>>> print(open('model.cif').read())   # mmCIF, C-alpha atoms
data_model
#
loop_
_atom_site.label_atom_id
_atom_site.label_comp_id
_atom_site.auth_asym_id
_atom_site.auth_seq_id
_atom_site.Cartn_x
_atom_site.Cartn_y
_atom_site.Cartn_z
CA MET A 21 -18.15 31.31 14.48
CA GLU A 22 -14.71 32.80 14.28
CA LYS A 23 -13.15 33.94 11.07
CA ASN A 24 -10.46 31.73 9.64
CA ASN A 25 -7.01 33.28 9.77
CA TYR A 26 -5.14 30.28 8.42
CA TRP A 27 -1.91 30.63 6.50
CA SER A 28 -1.62 29.88 2.82
CA PRO A 29 -1.56 26.07 2.54
CA TYR A 30 1.51 26.42 0.30
CA ILE A 31 3.45 28.09 3.15
CA ALA A 32 2.24 25.55 5.71
CA GLY A 33 3.01 22.73 3.25
CA ALA A 34 6.54 24.04 2.66
CA GLY A 35 7.03 24.06 6.44
CA ILE A 36 5.82 20.45 6.68
CA GLY A 37 8.16 19.56 3.81
CA LEU A 38 11.12 21.03 5.72
CA VAL A 39 10.12 19.04 8.83
CA LEU A 40 10.05 15.88 6.71
CA LEU A 41 13.39 16.70 5.07
CA SER A 42 15.04 17.33 8.42
CA ALA A 43 13.65 14.01 9.73
CA PHE A 44 15.33 12.32 6.74
CA TYR A 45 18.59 14.19 7.46
CA PHE A 46 18.68 13.75 11.23
CA MET A 47 16.95 10.37 11.66
CA GLY A 48 17.10 8.59 8.30
CA MET A 49 13.32 8.17 8.38
CA GLY A 50 10.25 10.28 7.76
CA VAL A 51 7.41 11.44 9.96
CA GLY A 52 4.40 9.30 10.82
CA ALA A 53 1.35 9.16 13.02
CA SER A 54 -0.79 6.03 12.88
CA SER A 55 1.55 3.57 14.58
CA ALA A 56 1.50 5.80 17.68
CA PHE A 57 -2.21 4.90 17.91
CA ALA A 58 -1.47 1.20 17.44
CA ARG A 59 1.19 1.37 20.18
CA ALA A 60 -1.26 3.17 22.46
CA ALA A 61 -3.89 0.48 21.74
CA ALA A 62 -1.36 -2.28 22.52
CA ASP A 63 -0.39 -0.48 25.73
CA VAL A 64 -4.02 -0.11 26.87
CA VAL A 65 -4.84 -3.78 26.16
CA GLN A 66 -1.72 -4.88 27.99
CA ARG A 67 -2.68 -2.85 31.06
CA ILE A 68 -6.28 -4.10 31.08
CA ASP A 69 -5.70 -7.73 30.13
CA PRO A 70 -2.04 -8.80 29.73
CA ALA A 71 -3.02 -12.36 28.74
CA ARG A 72 -5.14 -11.06 25.86
CA ALA A 73 -2.39 -8.69 24.71
CA GLU A 74 0.07 -11.57 24.64
CA LYS A 75 -2.25 -13.56 22.35
CA ILE A 76 -2.32 -10.80 19.73
CA SER A 77 0.71 -11.69 17.65
CA TYR A 78 0.59 -8.42 15.70
CA PHE A 79 1.29 -6.48 18.92
CA SER A 80 4.31 -8.57 19.95
CA GLY A 81 6.69 -6.24 18.12
CA TYR A 82 5.33 -3.31 20.14
CA LEU A 83 5.25 -5.13 23.46
CA LYS A 84 8.56 -6.99 23.44
CA SER A 85 10.52 -4.00 24.77
CA GLY A 86 8.16 -3.81 27.75
CA ALA A 87 7.44 -0.15 27.03
CA PRO A 88 5.38 0.16 23.82
CA LEU A 89 5.08 3.92 24.23
CA LYS A 90 8.84 4.51 24.42
CA ASP A 91 9.19 5.02 20.70
CA TRP A 92 10.15 7.85 18.36
CA ILE A 93 6.69 8.15 16.84
CA VAL A 94 4.93 8.47 20.21
CA PHE A 95 7.21 11.39 21.16
CA GLU A 96 6.63 12.91 17.74
CA ILE A 97 2.84 12.76 18.19
CA ALA A 98 3.12 14.29 21.66
CA GLY A 99 5.07 17.11 20.02
CA LEU A 100 2.45 17.39 17.27
CA PHE A 101 -0.26 17.99 19.89
CA ILE A 102 1.88 20.65 21.60
CA GLY A 103 2.70 22.37 18.30
CA ALA A 104 -0.91 22.44 17.10
CA PHE A 105 -2.03 23.69 20.54
CA ILE A 106 0.54 26.52 20.47
CA ALA A 107 -0.57 27.42 16.93
CA SER A 108 -4.28 27.50 17.79
CA ILE A 109 -3.81 29.47 21.03
CA SER A 110 -1.44 32.00 19.48
CA SER A 111 -3.74 32.54 16.47
CA ARG A 112 -6.88 32.64 18.67
CA SER A 113 -8.46 29.79 16.75
CA PHE A 114 -8.73 27.54 19.84
CA GLY A 115 -12.24 26.75 21.02
CA PHE A 116 -14.07 23.74 22.44
CA ARG A 117 -16.64 22.48 19.94
CA PHE A 118 -18.22 19.36 18.49
CA ASP A 119 -17.38 20.10 14.88
CA ARG A 120 -19.67 18.67 12.21
CA GLY A 121 -21.14 19.19 8.75
CA LYS A 122 -24.18 21.40 8.64
CA ASN A 123 -26.54 18.50 7.87
CA MET A 124 -25.19 16.22 10.60
CA ASN A 125 -26.81 16.06 14.00
CA ALA A 126 -24.68 15.30 17.04
CA VAL A 127 -25.54 11.59 17.05
CA VAL A 128 -24.64 11.17 13.37
CA ARG A 129 -21.45 13.10 14.01
CA PHE A 130 -20.52 10.88 16.95
CA PHE A 131 -20.86 7.75 14.83
CA THR A 132 -19.14 9.15 11.71
CA ALA A 133 -16.23 10.26 13.91
CA LEU A 134 -16.04 6.89 15.65
CA LEU A 135 -16.60 4.59 12.65
CA GLY A 136 -14.53 6.75 10.33
CA GLY A 137 -11.75 6.70 12.89
CA GLY A 138 -12.08 2.91 13.19
CA LEU A 139 -11.70 2.51 9.44
CA VAL A 140 -8.73 4.90 9.44
CA GLY A 141 -7.04 2.93 12.24
CA PHE A 142 -7.64 -0.45 10.62
CA SER A 143 -6.63 0.64 7.11
CA SER A 144 -3.49 2.39 8.36
CA ARG A 145 -2.25 -0.91 9.74
CA LEU A 146 -3.19 -2.73 6.51
CA ALA A 147 -1.28 -0.15 4.44
CA ARG A 148 1.60 -0.02 6.98
CA GLY A 149 1.02 3.68 7.61
CA CYS A 150 -1.25 6.67 7.05
CA THR A 151 -1.26 9.98 5.21
CA SER A 152 1.95 10.93 7.07
CA GLY A 153 3.92 7.70 7.32
CA ILE A 154 3.08 6.34 3.89
CA GLY A 155 1.49 9.25 1.99
CA LEU A 156 3.98 12.04 2.77
CA THR A 157 7.09 10.06 3.70
CA GLY A 158 6.72 7.36 1.03
CA SER A 159 5.83 9.79 -1.75
CA ALA A 160 8.76 12.07 -0.89
CA GLN A 161 11.08 9.04 -1.04
CA LEU A 162 9.49 8.28 -4.44
CA ALA A 163 8.50 4.89 -2.93
CA VAL A 164 5.88 3.15 -5.06
CA GLY A 165 3.72 2.31 -2.03
CA GLY A 166 3.37 5.98 -1.07
CA TRP A 167 1.91 6.91 -4.44
CA VAL A 168 -0.31 3.82 -4.58
CA PHE A 169 -1.73 4.71 -1.15
CA LEU A 170 -2.39 8.37 -2.02
CA ILE A 171 -4.03 7.62 -5.36
CA ALA A 172 -6.29 4.93 -3.85
CA MET A 173 -7.18 7.24 -0.95
CA PHE A 174 -8.17 10.19 -3.12
CA LEU A 175 -10.11 8.09 -5.65
CA CYS A 176 -12.12 6.30 -2.96
CA GLY A 177 -12.59 9.52 -0.99
CA PHE A 178 -14.07 11.27 -4.02
CA PHE A 179 -16.41 8.33 -4.58
CA VAL A 180 -17.72 8.24 -0.99
CA ALA A 181 -18.01 12.03 -0.81
CA PHE A 182 -20.05 12.00 -4.02
CA ILE A 183 -22.45 9.31 -2.75
CA LEU A 184 -22.88 10.95 0.67
CA ARG A 185 -22.57 14.55 -0.53
CA LYS A 186 -25.69 15.78 1.30
CA GLU A 187 -25.27 13.80 4.50
CA LEU A 188 -21.70 14.64 5.42
CA TRP A 189 -19.71 17.82 5.07
CA GLN A 190 -21.29 20.09 2.46
CA MET B 20 29.13 12.01 4.35
CA ASN B 21 27.71 11.40 7.83
CA ALA B 22 23.96 11.85 7.38
CA PRO B 23 21.41 10.55 8.24
CA LEU B 24 23.03 11.61 11.50
CA TYR B 25 21.24 9.11 13.77
CA GLN B 26 22.01 6.20 11.45
CA TYR B 27 25.69 7.12 11.74
CA GLY B 28 25.49 7.21 15.54
CA ALA B 29 25.83 10.98 15.85
CA PHE B 30 23.47 11.10 18.83
CA SER B 31 21.85 8.83 21.43
CA GLN B 32 18.37 7.34 21.50
CA ASP B 33 17.36 9.75 24.26
CA MET B 34 18.49 12.62 22.03
CA SER B 35 16.45 11.12 19.17
CA PHE B 36 13.34 11.49 21.34
CA VAL B 37 14.12 15.20 21.70
CA VAL B 38 14.37 15.38 17.90
CA ALA B 39 11.02 13.55 17.75
CA ILE B 40 9.28 16.06 20.02
CA LEU B 41 10.75 19.03 18.11
CA SER B 42 9.78 17.50 14.74
CA GLY B 43 6.27 16.96 16.06
CA VAL B 44 5.97 20.50 17.43
CA PHE B 45 6.82 22.02 14.06
CA PHE B 46 4.69 19.45 12.21
CA GLY B 47 1.68 20.19 14.42
CA PHE B 48 2.21 23.93 14.24
CA PHE B 49 2.26 23.93 10.44
CA LEU B 50 -0.71 21.53 10.23
CA GLU B 51 -2.89 23.78 12.39
CA ARG B 52 -1.77 26.98 10.66
CA GLY B 53 -2.52 25.40 7.28
CA GLY B 54 -6.09 24.74 8.46
CA LEU B 55 -5.47 20.99 8.69
CA GLY B 56 -6.91 20.56 12.16
CA ASN B 57 -10.29 21.59 10.74
CA PRO B 58 -12.45 18.75 9.33
CA HIS B 59 -14.31 21.13 6.97
CA LYS B 60 -11.04 22.08 5.31
CA LEU B 61 -9.72 18.49 5.51
CA THR B 62 -12.71 17.14 3.56
CA GLY B 63 -13.14 20.11 1.18
CA VAL B 64 -10.94 18.51 -1.44
CA PHE B 65 -13.43 15.65 -1.89
CA TYR B 66 -16.18 18.15 -2.75
CA LEU B 67 -13.81 20.29 -4.86
CA THR B 68 -14.53 23.29 -2.64
CA ASP B 69 -11.35 23.66 -0.56
CA PHE B 70 -7.96 22.47 -1.74
CA ALA B 71 -5.88 23.10 1.40
CA VAL B 72 -5.04 19.38 1.75
CA PRO B 73 -3.62 18.71 -1.73
CA LYS B 74 -1.92 22.13 -1.83
CA ALA B 75 -0.17 21.59 1.51
CA MET B 76 0.48 17.91 0.91
CA PHE B 77 2.01 18.20 -2.54
CA THR B 78 4.03 21.30 -1.58
CA ALA B 79 5.44 19.28 1.34
CA VAL B 80 6.24 16.33 -0.95
CA LEU B 81 7.91 18.61 -3.52
CA VAL B 82 10.09 20.32 -0.88
CA ALA B 83 11.08 17.05 0.81
CA THR B 84 11.71 14.98 -2.32
CA THR B 85 13.73 17.72 -4.03
CA GLY B 86 15.76 18.31 -0.88
CA LEU B 87 16.32 14.62 -0.22
CA TYR B 88 17.59 13.74 -3.69
CA LEU B 89 19.62 16.97 -3.88
CA LEU B 90 21.36 16.16 -0.58
CA SER B 91 21.97 12.63 -1.85
CA ASP B 92 23.43 13.76 -5.20
CA LEU B 93 25.64 16.32 -3.42
CA ARG B 94 26.87 13.44 -1.22
CA LEU B 95 25.66 15.20 1.90
CA LEU B 96 23.30 12.33 2.80
CA ASP B 97 23.73 8.60 2.32
CA ILE B 98 20.39 7.58 0.83
CA GLY B 99 21.42 3.93 1.25
CA ARG B 100 20.99 4.40 5.01
CA LEU B 101 17.50 5.88 4.63
CA LEU B 102 14.67 3.66 5.87
CA PHE B 103 12.57 3.35 2.72
CA ILE B 104 8.85 2.66 2.92
CA PRO B 105 8.39 -0.94 1.77
CA THR B 106 5.85 -1.45 -1.00
CA TYR B 107 3.16 -4.14 -0.80
CA PHE B 108 1.03 -3.17 -3.76
CA TRP B 109 -2.43 -4.62 -3.07
CA PRO B 110 -2.49 -4.21 0.72
CA GLN B 111 -1.49 -0.56 0.26
CA ALA B 112 -4.03 0.01 -2.53
CA ALA B 113 -6.80 -1.59 -0.42
CA GLY B 114 -5.58 0.18 2.71
CA GLY B 115 -5.55 3.51 0.88
CA ALA B 116 -9.11 2.96 -0.42
CA LEU B 117 -10.49 2.01 3.03
CA PHE B 118 -8.57 4.92 4.50
CA GLY B 119 -10.29 7.27 2.03
CA ILE B 120 -13.71 6.15 3.31
CA GLY B 121 -12.69 6.58 6.94
CA TYR B 122 -11.15 9.98 6.23
CA VAL B 123 -14.31 11.35 4.55
CA LEU B 124 -16.57 9.95 7.29
CA SER B 125 -14.52 11.17 10.26
CA GLY B 126 -13.05 14.27 8.63
CA TYR B 127 -9.61 13.42 9.94
CA CYS B 128 -6.54 11.28 9.40
CA PRO B 129 -4.38 10.17 12.36
CA GLY B 130 -2.02 13.18 12.49
CA THR B 131 -4.75 15.72 11.83
CA SER B 132 -7.07 14.17 14.45
CA VAL B 133 -4.42 15.03 17.04
CA ALA B 134 -4.13 18.55 15.57
CA GLY B 135 -7.95 18.83 15.66
CA ALA B 136 -8.08 17.73 19.30
CA ALA B 137 -5.37 20.29 20.13
CA THR B 138 -7.64 23.04 18.76
CA GLY B 139 -10.46 22.00 21.11
CA ARG B 140 -12.44 19.72 18.81
CA ILE B 141 -14.23 17.06 20.87
CA ASP B 142 -15.24 15.18 17.69
CA ALA B 143 -11.51 14.71 17.01
CA LEU B 144 -11.20 12.97 20.39
CA VAL B 145 -13.95 10.56 19.32
CA THR B 146 -12.04 9.89 16.10
CA ILE B 147 -8.85 9.30 18.10
CA ALA B 148 -10.70 6.66 20.14
CA GLY B 149 -11.95 5.13 16.87
CA ILE B 150 -8.44 4.98 15.39
CA GLY B 151 -7.19 3.21 18.51
CA ALA B 152 -10.10 0.74 18.32
CA GLY B 153 -9.50 0.12 14.59
CA SER B 154 -5.81 -0.56 15.27
CA TYR B 155 -6.80 -3.00 18.00
CA LEU B 156 -9.26 -4.80 15.69
CA PHE B 157 -6.55 -5.11 13.05
CA GLY B 158 -4.36 -6.79 15.67
CA VAL B 159 -7.18 -9.15 16.64
CA TYR B 160 -7.99 -10.13 13.05
CA TYR B 161 -4.36 -10.10 11.88
CA PRO B 162 -4.02 -13.92 11.70
CA ARG B 163 -6.87 -14.00 9.15
CA ILE B 164 -5.51 -11.03 7.17
CA GLU B 165 -1.84 -11.94 7.29
CA LYS B 166 -1.78 -13.72 3.94
CA PHE B 167 -3.11 -10.63 2.18
CA TYR B 168 -0.99 -8.29 4.34
CA VAL B 169 2.27 -9.80 3.06
CA SER B 170 1.09 -10.28 -0.54
CA SER B 171 2.48 -8.50 -3.65
CA PRO B 172 5.75 -7.41 -1.99
CA MET B 173 7.95 -5.09 -4.05
CA GLY B 174 10.64 -4.36 -1.45
CA SER B 175 11.87 -0.78 -1.34
CA ALA B 176 10.69 -0.18 -4.91
CA THR B 177 10.85 3.44 -6.05
CA LEU B 178 9.30 5.08 -9.11
CA PRO B 179 12.69 5.80 -10.80
CA ARG B 180 13.79 2.17 -10.40
CA LEU B 181 10.43 0.83 -11.55
CA LEU B 182 10.42 3.07 -14.64
CA HIS B 183 14.19 2.74 -15.29
CA VAL B 184 14.69 6.50 -15.39
CA ASN B 185 16.86 8.96 -13.49
CA HIS B 186 15.20 10.21 -10.27
CA TRP B 187 15.23 13.80 -11.58
CA VAL B 188 12.98 12.75 -14.46
CA VAL B 189 10.41 11.64 -11.89
CA ILE B 190 10.90 14.66 -9.62
CA VAL B 191 10.59 17.16 -12.47
CA SER B 192 7.48 15.32 -13.70
CA ILE B 193 5.94 15.59 -10.23
CA TRP B 194 6.76 19.31 -10.16
CA VAL B 195 5.08 19.83 -13.55
CA LEU B 196 1.98 17.82 -12.61
CA ALA B 197 1.71 19.52 -9.21
CA LEU B 198 2.02 23.01 -10.69
CA ILE B 199 -0.68 22.21 -13.26
CA MET B 200 -2.88 20.86 -10.45
CA PHE B 201 -2.27 23.97 -8.31
CA ALA B 202 -3.17 26.21 -11.26
CA LEU B 203 -6.44 24.30 -11.85
CA MET B 204 -7.30 24.54 -8.12
CA GLU B 205 -6.64 28.29 -8.00
CA ASP B 206 -8.79 28.70 -11.10
CA LYS B 207 -11.64 26.61 -9.63
CA VAL B 208 -11.62 28.47 -6.29
CA SER B 209 -11.52 31.89 -7.95
CA ARG B 210 -14.69 31.01 -9.89
CA GLU B 211 -16.63 30.02 -6.75
CA PRO B 212 -18.57 32.70 -4.94
CA ALA B 213 -16.76 33.64 -1.73
CA GLY B 214 -17.92 32.16 1.55
CA LEU B 215 -18.88 28.71 0.33
CA THR B 216 -15.78 27.04 1.66
CA THR B 217 -15.37 28.61 5.07
CA GLY B 218 -15.84 26.18 7.89
CA THR B 219 -15.68 26.94 11.56
#
>>> encode(input="model.cif", output="structure tokens")
Amino acid sequence: MEKNNYWSPYIAGAGIGLVLLSAFYFMGMGVGASSAFARAAADVVQRIDPARAEKISYFSGYLKSGAPLKDWIVFEIAGLFIGAFIASISSRSFGFRFDRGKNMNAVVRFFTALLGGGLVGFSSRLARGCTSGIGLTGSAQLAVGGWVFLIAMFLCGFFVAFILRKELWQ
Amino acid sequence: MNAPLYQYGAFSQDMSFVVAILSGVFFGFFLERGGLGNPHKLTGVFYLTDFAVPKAMFTAVLVATTGLYLLSDLRLLDIGRLLFIPTYFWPQAAGGALFGIGYVLSGYCPGTSVAGAATGRIDALVTIAGIGAGSYLFGVYYPRIEKFYVSSPMGSATLPRLLHVNHWVVIVSIWVLALIMFALMEDKVSREPAGLTTGT
């Protein structure tokens, strides 16, 4: 186990705030993440079974250009991976691992990661965005939806963490 | 006033993709350095043991909201050209609640799952696959959900317009609440014995 050498979250947060502010200034929109996953899902379904993809009306907005991955948010997420990789290599915090809470075995961890991810993907579409696209961007715009999303997320997160406090992360 | 630059045609779509990659690189760098590629730190807030997420998140919101409305008031940015997040009250409340469950279970949100994978976490790759699958299932079930999805629309409602106050009243209130919250978090962490919150 390596020692953590993370920065103060206030410094990292201020950096993220400046990224968001410059996205407003340069692009007229904030940062996001979850719709890159939805575009990737639409792209995969279209490659495997174009007839099925065509039947999913929700994906038509992504697929009508013919190139669902040629979008701002997909490039942003590619950059996010590169930036986080540079940060973890340069700070020597990179390391292959199957990270889990100390009371989780590998099977439990596989299913919490998969099912939790599934819920995150589904709910991001329902809310029209995730912690980045709605939580950060919406809240910084003072948009009502951003604050509604964040408050609901934290309240429900506290509730679930309390119920499953032994089984998950602590 | 010619910002937001892209909205005023200052650069091409291809150039906007370069801006996207650069934005992402800095975003990812700061996420990882803030410890937000680490699911132990990402979930610590829900156990009141590690407050990296709310500290980073609310600092980011304070910087961006103060900067945005300052640029707008100084007429350096046309906020009328900003793409505001549309509010659909109940879908976003329900989405946020479901998201909270998924976040605690997986230990990641979409952006941080990518940051986690970039630090070598295989479990983050499983979560990424899950997020893709969840997005696909939303698409499949969309016809049944659509009625709820478009319910309680409030357009580009903002807190200052909803409360009929100047935006600085809201921004200063957020500053005050955030600073109180930060002080409580620092106090709570300083009372805990060291070593309880360190994840791998």
>>> residues_around(input="model.cif", residues="range 64-68 of chain B", least_positions_apart="3", cutoff="10 Å", atoms="all atoms listed in the file", output="number ranges by chain")
A: 174-182, 185, 189-190; B: 59-61, 71-74, 119, 123, 204, 207-208, 211, 215-217
>>> residues_around(input="model.cif", residues="Ala147 in chain A", least_positions_apart="4", cutoff="7 Å", atoms="only C-alpha atoms", output="MDAnalysis selection string")
(chainID A and resid 143) or (chainID B and resid 110:111 114:115)
>>> residues_near_point(input="model.cif", point="(7.4, -1.0, -2.4)", cutoff="9 Å", atoms="all atoms listed in the file", output="ChimeraX atom specification")
/A:163-166 /B:103-108,172-177
>>> residues_around(input="model.cif", residues="range 124-133 of chain B", least_positions_apart="2", cutoff="7 Å", atoms="only C-alpha atoms", output="VMD selection string")
(chain A and resid 53 to 54 101 132 to 133 136 to 137 140 151) or (chain B and resid 55 to 56 58 61 to 62 120 to 122 135 to 137 143 146 to 147)
>>> write_last_selection(input="model.cif", atoms="C-alpha atoms", output="short mmCIF file (atom, residue, chain, number, x, y, z; two decimals), in the coordinates of the input")
data_model
loop_
_atom_site.label_atom_id
_atom_site.label_comp_id
_atom_site.auth_asym_id
_atom_site.auth_seq_id
_atom_site.Cartn_x
_atom_site.Cartn_y
_atom_site.Cartn_z
CA ALA A 53 1.35 9.16 13.02
CA SER A 54 -0.79 6.03 12.88
CA PHE A 101 -0.26 17.99 19.89
CA THR A 132 -19.14 9.15 11.71
CA ALA A 133 -16.23 10.26 13.91
CA GLY A 136 -14.53 6.75 10.33
CA GLY A 137 -11.75 6.70 12.89
CA VAL A 140 -8.73 4.90 9.44
CA THR A 151 -1.26 9.98 5.21
CA LEU B 55 -5.47 20.99 8.69
CA GLY B 56 -6.91 20.56 12.16
CA PRO B 58 -12.45 18.75 9.33
CA LEU B 61 -9.72 18.49 5.51
CA THR B 62 -12.71 17.14 3.56
CA ILE B 120 -13.71 6.15 3.31
CA GLY B 121 -12.69 6.58 6.94
CA TYR B 122 -11.15 9.98 6.23
CA GLY B 135 -7.95 18.83 15.66
CA ALA B 136 -8.08 17.73 19.30
CA ALA B 137 -5.37 20.29 20.13
CA ALA B 143 -11.51 14.71 17.01
CA THR B 146 -12.04 9.89 16.10
CA ILE B 147 -8.85 9.30 18.10
#
>>> closest_residue(input="model.cif", among="B:Leu24, B:Ala134, B:Leu203, B:Ile164", to="Phe45 in chain B", atoms="all atoms listed in the file")
B:Ala134
>>> residues_near_point(input="model.cif", point="(8.8, 12.5, -2.4)", cutoff="7 Å", atoms="all atoms listed in the file", output="ChimeraX atom specification")
/A:157-162 /B:80-81,83-84
>>> closest_residue(input="model.cif", among="A:Gly37, A:Gly153, A:Gly50, A:Pro70", to="chain B", atoms="only C-alpha atoms")
A:Gly37
>>> atom_distance(input="model.cif", atom1="CA of Lys122 in chain A", atom2="CA of Leu188 in chain A")
7.9 Å
